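Reading through the structure tokens given below for one structure.
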Amino acid sequence: MSFARGSVGRRTMLRGATGLGALLVVSACGTERGAPVRLAAGESGGFFWEFAGLLAAAADRSGAPPIRPLRSNGSAENLDALSAGSAELALSLRDAAVERADPQLTALGCVYENYFQVAVRADSGIATVADLRGRVVSVGAPGSGAAELSQRVLVAAGLGPERDIRPVSQTMREARAALAAGEVDAVMWAGGLPTPAFADPQVPIALLDLGGIVPALRQRHGLAYEPVRIPADIYGRHPAVTTVGVANLLLARRDVPDATAAAVVDLLLDQSAQLVPAQAIGSQFLDAQSLIVTGPIPLHPGAADEYRRRHG
């Protein structure tokens with residue numbers, strides 16, 4: 001895992017903080033409010049990292065236990081960190097979490113919709129996923145939920161992920177640069193709208209419509225996937241498309257104290273307006289009715305008790 005080597009203090013930082021001063025702030029918070037709660041988040045420029053920073057800031061404002069975001073490549077690494085005990089909290093796509101049969105895995109809430117996106121250069125002549133046959137495709141960073149979903153989308157479109165395309169594994173920022181340079185023909189990722197790494201594309205891009213693939217995904221893998229609309233002109237000039245939506249879960253180890261889980265639930269309910277990343281247009285689930293819809297992942301006992309206390 002990208003955050004398994006070295007000390008947490010050297011490998012992580014709160015969003016918006018830099019250098020030694022940031023580490024001193026984190027240390028001070030931990031002294032006053034207990035040990036920091038480590039949140040396995042994501043990569044810079046992605047939805048998970050932005051949300052994790054907002055949640056950490058909300059914890060600081062409220063006096064809740066301090067939250068320390070950890071950088072990672074995404075869902076799979078985050079789930080590994082949770083299982084290994086190198087993080088107490090984690091963000092994950094719901095499909096990746098459901099695949100993980102781990103008795104330590106519980107949920108604090110279903111927080112956002114994530115949009116699976118496939119971008120090509122506007123002048124590429126690529127109009128469908130099937131047109132990616134024989135092309136170089138960036139399929140997500142190793143250890144990301146997007147990498148797994150990329151495989152499923154390709155299969156649903158009738159393509160062999162290793163046989164019919166030339167896959168490369170890249171972070172979102174690497175993929176953005178590679179698409180502009182013509183080194184890859186398409187980029188697949190999961191994120192909000194707009195995803196910061198692609199918000200100002202270096203070349204005109206188009207998004208592929210995946211509406212026809214959603215039924216096959218649901219048939220093969222269950223109801224974690226749903227059709228969602230991406231409005232026109234999110235990334236420059238392009239038409240609206242339908243794509244694959246999958247919810248984001250905020251997860252916790254079962255051995256996280258009930259009081260800590262309850263404090264995080266209070267942040268989700270009481271500071272929801274401050275927990276909306278710029279890339280969360282129309283995709284937030286930060287209300288009590290939606291937060292508890294975590295599918296087969298059970299709520300943490302402390303979280304369940306707090307939702308009942310707050311809303312019956």
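Chains: A, B, ... in order of the structure tokens. Residues: from 1 per chain. Ligands: from 1, in order shown.
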DSSP alpha helix (DSSP H) residues within segment 42-246 of chain A, listed as a ChimeraX atom specification: /A:47-62,75-84,94-99,145-156,172-181,214-221
Contacts of segment 140-157 of chain A at 10 Å (only C-alpha atoms; same-chain gap of 4+ positions) as a PyMOL selection string: chain A and resi 1-2+42-43+72-80+92-97+115-118+128-133+161-162+164-165+167-172+174-175+187-191+210+212-221+244+246
Applying 9 Å and only C-alpha atoms, which residues near Ala178 of chain A remain after dropping the ones on its own chain fewer than 6 positions away? List them as a short mmCIF file (atom, residue, chain, number, x, y, z; two decimals) with N, CA, C and O atoms, in the first residue's frame.
data_model
loop_
_atom_site.label_atom_id
_atom_site.label_comp_id
_atom_site.auth_asym_id
_atom_site.auth_seq_id
_atom_site.Cartn_x
_atom_site.Cartn_y
_atom_site.Cartn_z
N SER A 138 -5.93 4.14 -20.21
CA SER A 138 -5.56 4.29 -18.80
C SER A 138 -6.74 3.81 -17.96
O SER A 138 -7.83 4.38 -18.01
N VAL A 184 -2.03 8.04 -24.45
CA VAL A 184 -3.15 7.11 -24.25
C VAL A 184 -4.33 7.63 -25.08
O VAL A 184 -4.43 8.82 -25.38
N ASP A 185 -5.21 6.71 -25.44
CA ASP A 185 -6.37 7.08 -26.25
C ASP A 185 -7.61 7.36 -25.42
O ASP A 185 -8.54 8.01 -25.89
N VAL A 187 -9.12 7.57 -21.02
CA VAL A 187 -8.84 7.54 -19.58
C VAL A 187 -10.12 7.13 -18.87
O VAL A 187 -11.19 7.70 -19.13
#
As an exercise, work out the distance from atom CA of Leu291 of chain A to atom CA of Tyr235 of chain A in Å and give it to one decimal place. 28.9 Å
Which of these residues is nearest to Ala101 of chain A, using only C-alpha atoms: A:Gly134, A:Pro65, A:Pro296, A:Gly302? A:Pro296
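Minimum atom-to-atom distance to Leu193 of chain A, evaluated using only C-alpha atoms, belongs to A:Ala278 out of A:Ala278, A:Ala224, A:Ile67, A:Ala240.
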Hey, what's within 10 Å of Gly182 of chain A if we count only C-alpha atoms and toss same-chain stuff fewer than 3 positions away? As a list in words, please? Arg121, Ser124, Val136, Ala177, Ala178, Leu179, Asp185, Ala186 and Val203 of chain A
What lies within 7 Å of Arg229 of chain A using only C-alpha atoms, ignoring chain neighbours under 6 positions off, as a VMD selection string? chain A and resid 241 to 243
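Closest approach to Ala181 of chain A among A:Leu208, A:Val120, A:Ala232, A:Val264 is made by A:Val120 (distances from only C-alpha atoms).
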Residues near Ser44 of chain A, cut-off 12 Å, only C-alpha atoms, skip fewer than 4 positions along chain, as a list of chain:residue names: A:Thr12, A:Met13, A:Leu14, A:Arg15, A:Gly16, A:Phe48, A:Trp49, A:Glu50, A:Phe51, A:Ala52, A:Gly53, A:Pro69, A:Leu70, A:Arg71, A:Ser72, A:Asn73, A:Gly74, A:Thr171, A:Met172, A:Arg173, A:Glu174, A:Gly191, A:Thr195, A:Pro196, A:Ala197, A:Phe198
Run DSSP on the backbone and give me the residues of segment 146-311 of chain A it puts in strand (DSSP E), as a count of residues only. 31
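Here atom CA of Asn248 of chain A is placed at a distance of 13.3 Å from atom CA of Pro277 of chain A.
With atom CA of Ala259 of chain A on one side and atom CA of Thr106 of chain A on the other, the separation reads 14.8 Å.
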